[in-house]
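Undergrad: Structure incoming, see below.
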Amino acid sequence: MASSWTPLSGPSHAIALDVLINGPLSRAELSRRLDLSAASLTRLARPLVEAGLLIEVDPHNGDTHIGRPERPLDVVPTSHHFIGIKLTGDAAYGVMTTLRAEEVASERMPLTDRDPQAVCAVIAELVSRLADSGPAVTAVGISVGGQAADHAVVTAAPFLHWADVPLAVMVEDLTGLPTVVENDVIALTQAEHWFGAGRGLGRFAVLTVGAGVGYGLVVGGHQITSPDAGLGLVGHVPLDPMGPMCFAGHRGCSTAMLTMPSIEAAASVALRRPVDYDEVLDLAVSGDPAAGRIVADAGHALGRLIALAANLTMPEQVVLSGEGVRLVDVAREQIDEALAADRDPHASHLHLEVRPGTFAQWARGAAVSAIQTFVLGPD
Ligand SMILES: [Zn+2]
């Protein structure tokens with residue numbers, strides 16, 4: 001395959017990147033966006049087209065020009081394929097994607113042993129199952145709920161009871177494929193930023209609910225990160241003074257109000273039997289008073305958290321995701337009420353974008369980490 005990103009630099013790289021994220025784009029549009037003269041754009045784009053990295057595609061219907069119709073430039077999404085894997089405490093979820101993070105295959109394998117060597121063996125098996133059925137794999141991305149350093153080492157992952165595991169090298173040794181490691185919320189936010197609901201937005205926030213509570217923020221087209229991001233800093237925001245207690249002793253914090261284990265625990269106490277998350281939501285929908293109250297309180301807390309994020313960081317949009325995101329559908333009324341109560345009445349309407357929140361979405365985020373390292377180079 002001639003379409004290599006590796007030697008690209010400067011404006012050539014900027015052209016390829018803009019077409020990948022925002023394409024197809026006409027040469028005129030590209031020269032405007034990148035502040036290049038039409039002549040420079042034509043000169044720089046020609047070798048990218050000749051190398052097969054960019055192709056000319058048919059213009060959309062209605063794009064009529066006087067004289068010769070211009071053919072916009074695009075990438076070939078299937079020119080490269082990536083594998084993304086999301087690790088939880090008990091399973092590895094994998095997807096294969098194109099260069100534009102479109103899912104082409106998925107697989108799930110249980111983790112029966114959390115020892116890093118055993119988990120790496122499962123990852124290698126998952127990669128081989130996904131790769132065997134399809135095209136060549138360019139790189140692998142792995143995301144975990146926890147802290148990752150240098151795209152290579154899991155410094156802490158509480159769900160796996162890991163500390164300082166050199167995961168990227170261990171997986172590369174088994175698969176022979178370049179591998180990067182990233183915090184799961186950072187990876188998911190990048191996926192929304194480049195290829196999802198946040199595409200083209202300068203400023204947006206991502207909130208996830210599931211096993212934990214996650215928060216990602218993009219400002220000025222760049223994600224705000226810190227070595228502390230993997231700690232899940234939004235996990236203990238006080239939201240309800242009457243709420244239940246989290247493991248750290250906070251009453252009504254975001255972990256106590258919004259995580260799936262907390263909601264299951266509250267319902268199991270009230271109903272005096274084990275109840276799983278989806279059943280709590282089903283019971284709330286069908287009018288059960290205890291489940292209804294727990295879910296309404298969770299919705300109220302989520303509305304307050306969204307309002308806090310919106311008031312402090314002024315996003316154009318808040319993306320809601322995570323494996324527990326069904327809460328948003330069931331408790332939408334309480335979310336909207338709490339959001340309105342905590343926002344200035346003159347504040348502009350906040351657009352909430354609800355994503356599927358499946359494990360495949362988390363795994364797709366991991367694939368985007370691999371895609372970004374491939375097209376941007378290691379940083
Ligand atoms: Zn807490």
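Residue numbers start at 1 in each chain; chains themselves are named A, B, ... in the order of the structure tokens; ligands are numbered from 1 in the order shown.
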Select the residues contacting ligand 1 at a distance of at most 12 Å, based on only C-alpha atoms and all ligand atoms, then format the selection as number ranges by chain.
TA: A: 212-213, 232-241, 243-259, 262
Undergrad: Any chance you could export the current selection's N, CA, C and O atoms as a compact mmCIF listing (two decimals), in the first residue's frame?
TA:
```
# COMPACT_ATOMS: atom_id res chain seq x y z
N GLY A 212 -17.85 3.56 36.32
CA GLY A 212 -17.41 4.79 36.98
C GLY A 212 -18.08 5.97 36.29
O GLY A 212 -18.96 5.80 35.46
N VAL A 213 -17.64 7.17 36.68
CA VAL A 213 -18.11 8.39 36.03
C VAL A 213 -16.90 9.04 35.38
O VAL A 213 -15.86 9.20 36.03
N GLY A 232 -9.95 9.76 37.22
CA GLY A 232 -11.39 9.92 37.26
C GLY A 232 -11.77 11.01 38.24
O GLY A 232 -12.53 10.80 39.19
N LEU A 233 -11.24 12.21 38.01
CA LEU A 233 -11.40 13.30 38.98
C LEU A 233 -12.84 13.73 39.19
O LEU A 233 -13.18 14.34 40.20
N VAL A 234 -13.70 13.43 38.22
CA VAL A 234 -15.10 13.85 38.34
C VAL A 234 -15.92 12.82 39.14
O VAL A 234 -17.10 12.98 39.34
N GLY A 235 -15.23 11.78 39.63
CA GLY A 235 -15.92 10.68 40.31
C GLY A 235 -16.47 11.02 41.69
O GLY A 235 -17.30 10.28 42.22
N HIS A 236 -16.01 12.10 42.28
CA HIS A 236 -16.47 12.40 43.65
C HIS A 236 -16.99 13.82 43.80
O HIS A 236 -16.81 14.47 44.83
N VAL A 237 -17.67 14.31 42.77
CA VAL A 237 -18.28 15.63 42.84
C VAL A 237 -19.55 15.54 43.69
O VAL A 237 -20.39 14.67 43.45
N PRO A 238 -19.70 16.41 44.71
CA PRO A 238 -20.92 16.33 45.54
C PRO A 238 -22.16 16.76 44.74
O PRO A 238 -22.16 17.82 44.11
N LEU A 239 -23.20 15.90 44.75
CA LEU A 239 -24.38 16.19 43.93
C LEU A 239 -25.68 16.15 44.72
O LEU A 239 -26.66 16.75 44.31
N ASP A 240 -25.71 15.41 45.84
CA ASP A 240 -26.97 15.26 46.58
C ASP A 240 -26.65 15.09 48.07
O ASP A 240 -26.14 14.04 48.47
N PRO A 241 -26.96 16.10 48.91
CA PRO A 241 -26.60 16.02 50.34
C PRO A 241 -27.32 14.88 51.06
O PRO A 241 -26.89 14.47 52.14
N GLY A 243 -27.88 11.89 49.58
CA GLY A 243 -27.63 10.66 48.83
C GLY A 243 -26.91 9.60 49.64
O GLY A 243 -26.48 9.84 50.77
N PRO A 244 -26.77 8.40 49.06
CA PRO A 244 -26.02 7.32 49.73
C PRO A 244 -24.52 7.62 49.75
O PRO A 244 -24.07 8.61 49.18
N MET A 245 -23.77 6.78 50.42
CA MET A 245 -22.34 7.03 50.60
C MET A 245 -21.51 6.23 49.61
O MET A 245 -21.86 5.11 49.26
N CYS A 246 -20.40 6.83 49.15
CA CYS A 246 -19.47 6.09 48.29
C CYS A 246 -18.41 5.42 49.17
O CYS A 246 -18.35 5.66 50.37
N PHE A 247 -17.54 4.62 48.55
CA PHE A 247 -16.51 3.90 49.30
C PHE A 247 -15.51 4.85 49.97
O PHE A 247 -14.83 4.48 50.92
N ALA A 248 -15.43 6.11 49.48
CA ALA A 248 -14.49 7.06 50.08
C ALA A 248 -15.15 7.90 51.18
O ALA A 248 -14.53 8.80 51.72
N GLY A 249 -16.42 7.58 51.48
CA GLY A 249 -17.08 8.26 52.59
C GLY A 249 -17.79 9.56 52.22
O GLY A 249 -18.17 10.32 53.11
N HIS A 250 -17.96 9.82 50.93
CA HIS A 250 -18.71 11.01 50.51
C HIS A 250 -20.20 10.68 50.40
O HIS A 250 -20.55 9.68 49.79
N ARG A 251 -21.02 11.55 50.96
CA ARG A 251 -22.45 11.34 50.82
C ARG A 251 -22.93 12.00 49.51
O ARG A 251 -22.70 13.18 49.28
N GLY A 252 -23.59 11.22 48.67
CA GLY A 252 -24.21 11.76 47.46
C GLY A 252 -23.25 12.29 46.41
O GLY A 252 -23.61 13.15 45.61
N CYS A 253 -22.00 11.75 46.37
CA CYS A 253 -21.07 12.17 45.30
C CYS A 253 -21.46 11.48 44.00
O CYS A 253 -22.36 10.63 43.96
N SER A 254 -20.76 11.84 42.91
CA SER A 254 -21.14 11.28 41.61
C SER A 254 -21.00 9.76 41.57
O SER A 254 -21.81 9.08 40.96
N THR A 255 -19.99 9.22 42.24
CA THR A 255 -19.87 7.76 42.29
C THR A 255 -21.07 7.15 43.02
O THR A 255 -21.66 6.16 42.57
N ALA A 256 -21.45 7.73 44.15
CA ALA A 256 -22.56 7.20 44.95
C ALA A 256 -23.89 7.31 44.22
O ALA A 256 -24.78 6.47 44.38
N MET A 257 -24.06 8.35 43.38
CA MET A 257 -25.36 8.62 42.75
C MET A 257 -25.50 8.01 41.35
O MET A 257 -26.60 7.72 40.92
N LEU A 258 -24.38 7.87 40.62
CA LEU A 258 -24.49 7.64 39.18
C LEU A 258 -23.90 6.33 38.66
O LEU A 258 -24.20 5.93 37.54
N THR A 259 -23.01 5.69 39.42
CA THR A 259 -22.39 4.49 38.84
C THR A 259 -23.36 3.31 38.90
O THR A 259 -24.25 3.24 39.76
N SER A 262 -23.46 1.43 42.25
CA SER A 262 -24.16 2.15 43.32
C SER A 262 -25.67 2.07 43.13
O SER A 262 -26.42 1.90 44.11
```
Undergrad: As an MDAnalysis selection string, which residues of region 35-242 of chain A does DSSP assign to strand (DSSP E)?
TA: chainID A and resid 54:56 73:75 81:87 91:98 103:110 137:144 147:149 153:157 162:165 179:183 204:209 213:219 222:223
Undergrad: Measuring between only C-alpha atoms, which one of A:Arg199, A:Arg129, A:His81, A:His193 shows the shortest distance to Ile224 (chain A)?
TA: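 Residue with the minimum atom-to-atom distance to Ile224 (chain A): A:His193.
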Undergrad: Could you name the residues that touch region 44-50 of chain A at 12 Å or less, counting only C-alpha atoms, but leaving out those on the same chain fewer than 2 positions away, as a count of residues only?
TA: 41
Undergrad: Calculated over only C-alpha atoms, which of the candidates A:Thr225, A:Ser143, A:Thr358, A:Thr208 has the smallest distance to Ala92 (chain A)?
TA: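 Using only C-alpha atoms, Ala92 (chain A) sits closest to A:Ser143.
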Undergrad: Residues near region 159-167 of chain A, anyone? I mean within 8 Å using only C-alpha atoms, not counting same-chain ones fewer than 2 positions away, as a PDB file with C-alpha atoms, in the first residue's frame.
TA:
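part.pdb written:
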```pdb
ATOM      1  CA  THR A  88     -12.765  -3.981  32.023  1.00  0.00           C
ATOM      2  CA  GLY A  89     -12.320  -5.953  35.241  1.00  0.00           C
ATOM      3  CA  ARG A 114      -6.412 -10.474  35.946  1.00  0.00           C
ATOM      4  CA  PRO A 116      -1.099  -9.087  33.269  1.00  0.00           C
ATOM      5  CA  CYS A 120      -2.112 -10.222  27.423  1.00  0.00           C
ATOM      6  CA  GLY A 145     -10.203   2.684  33.194  1.00  0.00           C
ATOM      7  CA  ALA A 152       2.671   2.530  26.749  1.00  0.00           C
ATOM      8  CA  VAL A 153       2.390   1.748  30.463  1.00  0.00           C
ATOM      9  CA  VAL A 154      -0.700   1.253  32.628  1.00  0.00           C
ATOM     10  CA  THR A 155       0.458   3.019  35.765  1.00  0.00           C
ATOM     11  CA  ALA A 156      -2.764   2.279  37.684  1.00  0.00           C
ATOM     12  CA  ALA A 157      -5.946   0.392  36.808  1.00  0.00           C
ATOM     13  CA  VAL A 169       5.448  -3.820  24.919  1.00  0.00           C
ATOM     14  CA  MET A 170       3.908  -7.012  26.301  1.00  0.00           C
ATOM     15  CA  VAL A 171       1.202  -7.005  23.605  1.00  0.00           C
ATOM     16  CA  VAL A 181      -2.299   2.268  25.571  1.00  0.00           C
TER      17      VAL A 181
END
```
Undergrad: For the structure I just gave you, how does DSSP split region 144-336 of chain A - specifically, which residues are alpha helix (DSSP H)? Reply as a ChimeraX atom specification.
TA: /A:167-175,184-195,254-258,260-271,277-285,289-313,326-330,332-336
Undergrad: Could you work out how far CA of Pro178 (chain A) lies from CA of Gln117 (chain A), giving the answer in Å with one decimal?
TA: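 Spanning CA of Gln117 (chain A) to CA of Pro178 (chain A) is a straight-line distance of 17.9 Å.
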Undergrad: Please measure the separation of CA of Thr138 (chain A) and CA of Met109 (chain A), giving the value in Å to one decimal.
TA: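 Going from CA of Thr138 (chain A) over to CA of Met109 (chain A), I get 21.7 Å.
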Undergrad: Using only C-alpha atoms, which residues sit within 7 Å of Arg304 (chain A) once same-chain residues fewer than 6 positions away are excluded, as a PyMOL selection string?
TA: chain A and resi 239+338-339+342
Undergrad: Considering only C-alpha atoms, state which residue in the set A:Arg43, A:Ala191, A:Val206, A:Gly23 is at the smallest distance from Arg71 (chain A).
TA: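 Checking each of A:Arg43, A:Ala191, A:Val206, A:Gly23 against Arg71 (chain A), counting only C-alpha atoms, the winner is A:Gly23.
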Undergrad: Please provide the set of residues having any atom within 10 Å of Val330 (chain A), restricted to only C-alpha atoms, with same-chain residues fewer than 6 positions apart removed, written as a list in words.
TA: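 The neighbour list is Leu281, Asp282, Ala284, Val285, Gly292, Val295, Ala296 and Gly299 of chain A.
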Undergrad: Please report the interatomic distance between CA of Val354 (chain A) and CA of Glu279 (chain A) in Å with one decimal.
TA: 20.8 Å
Undergrad: Of the residues A:Glu70, A:Glu353, A:Glu323, A:Glu337, which is the one nearest to Val209 (chain A), using only C-alpha atoms?
TA: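 Closest to Val209 (chain A) of all the choices is A:Glu323.
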Undergrad: Taking only C-alpha atoms into account, name the residue in A:Ile83, A:Ala360, A:Ala370, A:Ala101 that is nearest to Ile21 (chain A).
TA: A:Ala101
